[in-house]
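Engineer: The following block contains the structure, expressed as structure tokens.
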Amino acid sequence: MIEDNDIGGISIYDMGLKEFTRYNGSIEEIPLLVDNEMMIVGLIMFFILCYYLNKNYLINHQRDYMMMRIVGMTKREMLIKEVEKGFYSFVIINIMNITLILLVESYFQIVYIPIVEFLVMSFICLGICVVIYMMPLYVLWNDLINIDNGGGLS
Amino acid sequence: MIILEGKNLRKTYGYAENKVDAIKNISIEIEEGSFVAVVGTSGSGKSTLLHVLAGLVKPNAGKVYLQGESLYDMNDDRLTRLRRRKMGFVFQFFNLITTHNVIENIVLLIHLDNRQVDEEYVDEIIDLLKLKEKKYAFIHELSGGQQQRVAIARALASKPAIIFADEPTGNLDAKSSQEVIQLLKIAQRKYHETVIMVTHDEMIANVADRILRIEDGQIIQDTAQKNE
């Protein structure tokens, strides 16, 4: 069913036709061109980049995190704080997503509300954001909060 | 009245031939409202003793009681909450959260505990520690002495039962050191705080009401002295 096209040397997969309503009310069928491999590679690269950026941030602010633990921030509160950061990133990304959809639709003069696609992308995005913020904390957990280090505080 | 008590404390680091006894069977009682200085040379075990008493480093043996509660018999979450409610900390380095400004650092523990900030009391501390003009400054904009004053303000703001100071003047010049020590002394007198301070400087230790001399992991001298 999937028809292979070749545009400019890049493999493009025709994911079928989608009906769109133009501003003037006419209904048109437009082929959806999505390169799955590029999308997956892009997503993985985004994930790795964000993961390392956040891990680097944690390493740079290790003293702050350690101080928070010493003066009285529990592990649970620390995790919740990171999840909160992930959630805020998720909200910002979704606002950017909606803005982009609105811009594209106004450019092509089409009316389409991509509820399913939006929900799927949001779900993936939320997962990635939470993992990106929580995973480095778990990886660095021992270094960050190992206050049983025999006088390494002073 | 005894506020802090350590019983038969022992802490060892390393294994086999690298094993070091940082503190050896130390028992100690701290009176409420007193200013205690722990003095000793580098590696004598004074910082380890302070960390053990503050619930930061679990001893291999012995118990620590703060206002009757055994610190190491509680789980990590409870001990952490107890630290933020009943203890204040002033360290030599990395005292403050660098991404926060002065006032955010001062009220940090109160916010962590979801308590209402006593604005009047916090303003009084800020005035006392001469930080009014630096209230909204970021940490990198402050000198070493000013940073230590912020650390003292943070330690006082949450009205703790006890303040632990680990070499609070170790990184400061003579003038700033005297200033910081005097402020700790004022805090003890004005707010009836109990202060335990570790130092290697005999002159600094002289402001204390009681001096504990520690050597090779053991208290070799316990002197009470009168200070006006």
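A note on labels: chains of the structure tokens are A, B, ... as shown, every chain counts residues from 1, and ligands are counted from 1 in their shown order.
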When the cut-off is 9 Å and we count only C-alpha atoms, which residues of chain B are near chain A, given as an MDAnalysis selection string?

Structural biologist: chainID B and resid 12:13 22 45 47:48 51 56:58 76:85 87:89 91:99 109 112:113 166:167

Engineer: Give the strand (DSSP E) residues of range 41-206 of chain B, as assigned by DSSP on the backbone, as number ranges by chain.

Structural biologist: B: 61-66, 69-70, 87-90, 162-166, 194-199

Engineer: With a distance cut-off of 12 Å and only C-alpha atoms, select the neighbouring residues of Ile125 in chain B, excluding the residue or stretch itself and same-chain residues fewer than 3 positions from it, and output the selection as number ranges by chain.

Structural biologist: B: 103, 106-107, 118-122, 128-132, 135, 149-159, 183-184, 186-187, 190-191

Engineer: Can those selected residues be exported to a file as a PDB file, in the first residue's frame so that it contains N, CA and C atoms?

Structural biologist:
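Saved the output as again-v4.pdb:
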ATOM      1  N   ILE B 103      17.661  37.202  48.978  1.00  0.00           N
ATOM      2  CA  ILE B 103      16.437  36.986  49.765  1.00  0.00           C
ATOM      3  C   ILE B 103      15.859  35.584  49.506  1.00  0.00           C
ATOM      4  N   ILE B 106      17.750  33.264  51.596  1.00  0.00           N
ATOM      5  CA  ILE B 106      17.432  33.404  53.028  1.00  0.00           C
ATOM      6  C   ILE B 106      16.128  32.667  53.384  1.00  0.00           C
ATOM      7  N   VAL B 107      15.134  32.786  52.519  1.00  0.00           N
ATOM      8  CA  VAL B 107      13.827  32.174  52.855  1.00  0.00           C
ATOM      9  C   VAL B 107      13.667  30.764  52.253  1.00  0.00           C
ATOM     10  N   ASP B 118       7.954  34.901  57.996  1.00  0.00           N
ATOM     11  CA  ASP B 118       7.749  35.967  58.979  1.00  0.00           C
ATOM     12  C   ASP B 118       8.550  37.187  58.493  1.00  0.00           C
ATOM     13  N   GLU B 119       7.886  38.022  57.697  1.00  0.00           N
ATOM     14  CA  GLU B 119       8.552  39.145  57.015  1.00  0.00           C
ATOM     15  C   GLU B 119       9.305  40.044  58.003  1.00  0.00           C
ATOM     16  N   GLU B 120       8.639  40.327  59.137  1.00  0.00           N
ATOM     17  CA  GLU B 120       9.229  41.229  60.131  1.00  0.00           C
ATOM     18  C   GLU B 120      10.544  40.668  60.664  1.00  0.00           C
ATOM     19  N   TYR B 121      10.510  39.376  60.980  1.00  0.00           N
ATOM     20  CA  TYR B 121      11.689  38.701  61.529  1.00  0.00           C
ATOM     21  C   TYR B 121      12.810  38.635  60.486  1.00  0.00           C
ATOM     22  N   VAL B 122      12.433  38.300  59.242  1.00  0.00           N
ATOM     23  CA  VAL B 122      13.434  38.205  58.165  1.00  0.00           C
ATOM     24  C   VAL B 122      14.075  39.574  57.919  1.00  0.00           C
ATOM     25  N   LEU B 128      20.183  43.286  60.746  1.00  0.00           N
ATOM     26  CA  LEU B 128      21.236  42.904  61.696  1.00  0.00           C
ATOM     27  C   LEU B 128      22.515  42.492  60.967  1.00  0.00           C
ATOM     28  N   LEU B 129      22.334  41.760  59.865  1.00  0.00           N
ATOM     29  CA  LEU B 129      23.497  41.258  59.123  1.00  0.00           C
ATOM     30  C   LEU B 129      23.951  42.220  58.020  1.00  0.00           C
ATOM     31  N   LYS B 130      23.391  43.413  58.029  1.00  0.00           N
ATOM     32  CA  LYS B 130      23.757  44.470  57.069  1.00  0.00           C
ATOM     33  C   LYS B 130      23.661  43.989  55.626  1.00  0.00           C
ATOM     34  N   LEU B 131      22.514  43.428  55.294  1.00  0.00           N
ATOM     35  CA  LEU B 131      22.331  42.910  53.934  1.00  0.00           C
ATOM     36  C   LEU B 131      21.213  43.625  53.181  1.00  0.00           C
ATOM     37  N   LYS B 132      20.713  44.710  53.787  1.00  0.00           N
ATOM     38  CA  LYS B 132      19.542  45.400  53.228  1.00  0.00           C
ATOM     39  C   LYS B 132      19.775  45.827  51.774  1.00  0.00           C
ATOM     40  N   LYS B 135      19.792  42.836  49.159  1.00  0.00           N
ATOM     41  CA  LYS B 135      18.656  41.922  49.270  1.00  0.00           C
ATOM     42  C   LYS B 135      18.336  41.198  47.957  1.00  0.00           C
ATOM     43  N   ARG B 149      27.507  35.983  55.454  1.00  0.00           N
ATOM     44  CA  ARG B 149      26.432  36.666  56.194  1.00  0.00           C
ATOM     45  C   ARG B 149      25.075  36.183  55.698  1.00  0.00           C
ATOM     46  N   VAL B 150      24.975  35.964  54.381  1.00  0.00           N
ATOM     47  CA  VAL B 150      23.717  35.435  53.827  1.00  0.00           C
ATOM     48  C   VAL B 150      23.460  34.022  54.371  1.00  0.00           C
ATOM     49  N   ALA B 151      24.541  33.233  54.448  1.00  0.00           N
ATOM     50  CA  ALA B 151      24.401  31.865  54.975  1.00  0.00           C
ATOM     51  C   ALA B 151      23.918  31.893  56.424  1.00  0.00           C
ATOM     52  N   ILE B 152      24.453  32.843  57.205  1.00  0.00           N
ATOM     53  CA  ILE B 152      24.013  32.970  58.607  1.00  0.00           C
ATOM     54  C   ILE B 152      22.543  33.401  58.637  1.00  0.00           C
ATOM     55  N   ALA B 153      22.203  34.353  57.762  1.00  0.00           N
ATOM     56  CA  ALA B 153      20.805  34.813  57.708  1.00  0.00           C
ATOM     57  C   ALA B 153      19.878  33.654  57.361  1.00  0.00           C
ATOM     58  N   ARG B 154      20.287  32.817  56.386  1.00  0.00           N
ATOM     59  CA  ARG B 154      19.453  31.659  56.017  1.00  0.00           C
ATOM     60  C   ARG B 154      19.309  30.709  57.198  1.00  0.00           C
ATOM     61  N   ALA B 155      20.444  30.491  57.906  1.00  0.00           N
ATOM     62  CA  ALA B 155      20.412  29.585  59.054  1.00  0.00           C
ATOM     63  C   ALA B 155      19.478  30.116  60.141  1.00  0.00           C
ATOM     64  N   LEU B 156      19.442  31.453  60.313  1.00  0.00           N
ATOM     65  CA  LEU B 156      18.593  32.039  61.368  1.00  0.00           C
ATOM     66  C   LEU B 156      17.128  32.141  60.961  1.00  0.00           C
ATOM     67  N   ALA B 157      16.891  32.360  59.655  1.00  0.00           N
ATOM     68  CA  ALA B 157      15.526  32.662  59.183  1.00  0.00           C
ATOM     69  C   ALA B 157      14.514  31.577  59.523  1.00  0.00           C
ATOM     70  N   SER B 158      14.959  30.336  59.507  1.00  0.00           N
ATOM     71  CA  SER B 158      13.988  29.251  59.768  1.00  0.00           C
ATOM     72  C   SER B 158      13.846  28.963  61.263  1.00  0.00           C
ATOM     73  N   LYS B 159      14.440  29.820  62.103  1.00  0.00           N
ATOM     74  CA  LYS B 159      14.397  29.687  63.567  1.00  0.00           C
ATOM     75  C   LYS B 159      14.733  28.255  64.008  1.00  0.00           C
ATOM     76  N   LEU B 183      28.873  38.017  64.402  1.00  0.00           N
ATOM     77  CA  LEU B 183      27.459  37.858  64.018  1.00  0.00           C
ATOM     78  C   LEU B 183      26.893  36.546  64.549  1.00  0.00           C
ATOM     79  N   LEU B 184      27.705  35.496  64.509  1.00  0.00           N
ATOM     80  CA  LEU B 184      27.252  34.209  65.076  1.00  0.00           C
ATOM     81  C   LEU B 184      27.015  34.358  66.575  1.00  0.00           C
ATOM     82  N   ILE B 186      26.286  37.183  68.157  1.00  0.00           N
ATOM     83  CA  ILE B 186      25.078  38.011  68.356  1.00  0.00           C
ATOM     84  C   ILE B 186      23.828  37.142  68.163  1.00  0.00           C
ATOM     85  N   ALA B 187      23.873  36.281  67.114  1.00  0.00           N
ATOM     86  CA  ALA B 187      22.733  35.386  66.840  1.00  0.00           C
ATOM     87  C   ALA B 187      22.453  34.487  68.038  1.00  0.00           C
ATOM     88  N   LYS B 190      21.104  37.029  70.922  1.00  0.00           N
ATOM     89  CA  LYS B 190      19.834  37.700  70.649  1.00  0.00           C
ATOM     90  C   LYS B 190      18.689  36.710  70.446  1.00  0.00           C
ATOM     91  N   TYR B 191      18.966  35.628  69.707  1.00  0.00           N
ATOM     92  CA  TYR B 191      17.886  34.678  69.388  1.00  0.00           C
ATOM     93  C   TYR B 191      17.991  33.371  70.185  1.00  0.00           C
TER      94      TYR B 191
END

Engineer: Taking the DSSP secondary structure from the backbone, can you list the residues of range 2-228 of chain B that are alpha helix (DSSP H), as a ChimeraX atom specification?

Structural biologist: /B:46-53,76-86,102-106,108-112,119-128,144-157,174-190,202-205

Engineer: CA of Gly62 in chain B to CA of Ser27 in chain B: how many Å, to one decimal?

Structural biologist: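 Computed distance, CA of Gly62 in chain B to CA of Ser27 in chain B, equals 8.6 Å.
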
Engineer: Quick one: everything within 12 Å of Ile27 in chain A, counting only C-alpha atoms, minus sequence neighbours fewer than 5 positions away in the same chain. Send it as an MDAnalysis selection string.

Structural biologist: chainID A and resid 18:22 109:112

Engineer: Could you save those same residues with N, CA, C and O atoms as a PDB file, in the first residue's frame?

Structural biologist:
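Contents of out.pdb, as written:
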ATOM      1  N   LYS A  18      -5.275  12.820   2.593  1.00  0.00           N
ATOM      2  CA  LYS A  18      -6.027  13.386   3.715  1.00  0.00           C
ATOM      3  C   LYS A  18      -6.962  14.463   3.169  1.00  0.00           C
ATOM      4  O   LYS A  18      -6.558  15.256   2.312  1.00  0.00           O
ATOM      5  N   GLU A  19      -8.164  14.467   3.677  1.00  0.00           N
ATOM      6  CA  GLU A  19      -9.128  15.479   3.218  1.00  0.00           C
ATOM      7  C   GLU A  19      -8.988  16.746   4.039  1.00  0.00           C
ATOM      8  O   GLU A  19      -8.951  16.696   5.269  1.00  0.00           O
ATOM      9  N   PHE A  20      -8.884  17.885   3.331  1.00  0.00           N
ATOM     10  CA  PHE A  20      -8.818  19.169   4.021  1.00  0.00           C
ATOM     11  C   PHE A  20      -9.895  20.095   3.468  1.00  0.00           C
ATOM     12  O   PHE A  20     -10.219  20.030   2.277  1.00  0.00           O
ATOM     13  N   THR A  21     -10.444  20.924   4.332  1.00  0.00           N
ATOM     14  CA  THR A  21     -11.428  21.912   3.880  1.00  0.00           C
ATOM     15  C   THR A  21     -10.734  23.254   3.740  1.00  0.00           C
ATOM     16  O   THR A  21     -10.080  23.727   4.673  1.00  0.00           O
ATOM     17  N   ARG A  22     -10.823  23.818   2.534  1.00  0.00           N
ATOM     18  CA  ARG A  22     -10.239  25.147   2.298  1.00  0.00           C
ATOM     19  C   ARG A  22     -11.114  26.217   2.971  1.00  0.00           C
ATOM     20  O   ARG A  22     -12.252  25.960   3.350  1.00  0.00           O
ATOM     21  N   GLN A 109      -4.285  27.966   3.808  1.00  0.00           N
ATOM     22  CA  GLN A 109      -5.706  28.309   3.848  1.00  0.00           C
ATOM     23  C   GLN A 109      -6.585  27.069   4.007  1.00  0.00           C
ATOM     24  O   GLN A 109      -7.518  26.834   3.246  1.00  0.00           O
ATOM     25  N   ILE A 110      -6.251  26.233   4.942  1.00  0.00           N
ATOM     26  CA  ILE A 110      -7.053  25.030   5.194  1.00  0.00           C
ATOM     27  C   ILE A 110      -7.542  25.006   6.648  1.00  0.00           C
ATOM     28  O   ILE A 110      -6.936  25.635   7.530  1.00  0.00           O
ATOM     29  N   VAL A 111      -8.646  24.289   6.821  1.00  0.00           N
ATOM     30  CA  VAL A 111      -9.196  24.155   8.175  1.00  0.00           C
ATOM     31  C   VAL A 111      -9.106  22.681   8.553  1.00  0.00           C
ATOM     32  O   VAL A 111      -9.712  21.835   7.895  1.00  0.00           O
ATOM     33  N   TYR A 112      -8.305  22.396   9.568  1.00  0.00           N
ATOM     34  CA  TYR A 112      -8.170  20.997   9.998  1.00  0.00           C
ATOM     35  C   TYR A 112      -7.730  20.987  11.465  1.00  0.00           C
ATOM     36  O   TYR A 112      -6.789  21.687  11.841  1.00  0.00           O
TER      37      TYR A 112
END

Engineer: Hey, what's within 10 Å of range 94-96 of chain A if we count only C-alpha atoms and toss same-chain stuff fewer than 5 positions away? As a list in words, please?

Structural biologist: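 Non-adjacent residues within range: Tyr88, Ser89, Ile101, Leu102, Phe118, Met121, Ser122, Cys125 and Leu126 of chain A.
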
Engineer: Restricted to N, CA, C and O atoms, what would the selected residues look like written as a CSV table (one decimal), in the first residue's frame?

Structural biologist:
chain,number,residue,atom,x,y,z
A,88,TYR,N,6.7,21.8,32.5
A,88,TYR,CA,6.7,23.2,31.9
A,88,TYR,C,7.3,23.1,30.5
A,88,TYR,O,6.7,23.8,29.6
A,89,SER,N,8.3,22.3,30.3
A,89,SER,CA,8.9,22.2,28.9
A,89,SER,C,7.8,21.6,28.0
A,89,SER,O,7.7,22.1,26.9
A,101,ILE,N,1.0,24.8,13.9
A,101,ILE,CA,-0.1,24.2,13.2
A,101,ILE,C,-1.0,25.4,12.6
A,101,ILE,O,-1.4,25.4,11.4
A,102,LEU,N,-1.3,26.4,13.5
A,102,LEU,CA,-2.1,27.5,13.1
A,102,LEU,C,-1.5,28.3,11.9
A,102,LEU,O,-2.1,28.7,10.9
A,118,PHE,N,-2.3,15.4,17.4
A,118,PHE,CA,-1.8,16.2,18.4
A,118,PHE,C,-1.7,15.5,19.7
A,118,PHE,O,-0.7,15.6,20.5
A,121,MET,N,1.4,13.1,19.6
A,121,MET,CA,2.6,13.8,19.7
A,121,MET,C,2.8,14.4,21.1
A,121,MET,O,3.9,14.4,21.7
A,122,SER,N,1.7,14.9,21.7
A,122,SER,CA,1.8,15.4,23.1
A,122,SER,C,2.2,14.3,24.1
A,122,SER,O,3.0,14.6,24.9
A,125,CYS,N,5.8,13.5,23.6
A,125,CYS,CA,6.5,14.7,24.1
A,125,CYS,C,6.6,14.8,25.6
A,125,CYS,O,7.6,15.0,26.2
A,126,LEU,N,5.5,14.5,26.2
A,126,LEU,CA,5.4,14.5,27.7
A,126,LEU,C,6.4,13.4,28.3
A,126,LEU,O,7.1,13.7,29.2

Engineer: What gap, in Å, lies between CA of Tyr72 in chain B and CA of Lys81 in chain A?

Structural biologist: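 Going from CA of Tyr72 in chain B over to CA of Lys81 in chain A covers 26.2 Å.
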
Engineer: List the neighbours of Gly217 in chain B out to 10 Å using only C-alpha atoms; skip same-chain residues closer than 6 positions along the sequence, and give me the result as number ranges by chain.

Structural biologist: B: 10-12, 20-26, 40, 43-46, 48-49

Engineer: I'd like to know which of B:Val36, B:Val198, B:Ile126, B:Ala16 is closest to Lys185 in chain B, using only C-alpha atoms.

Structural biologist: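 Among the listed residues, B:Val36 lies closest to Lys185 in chain B.
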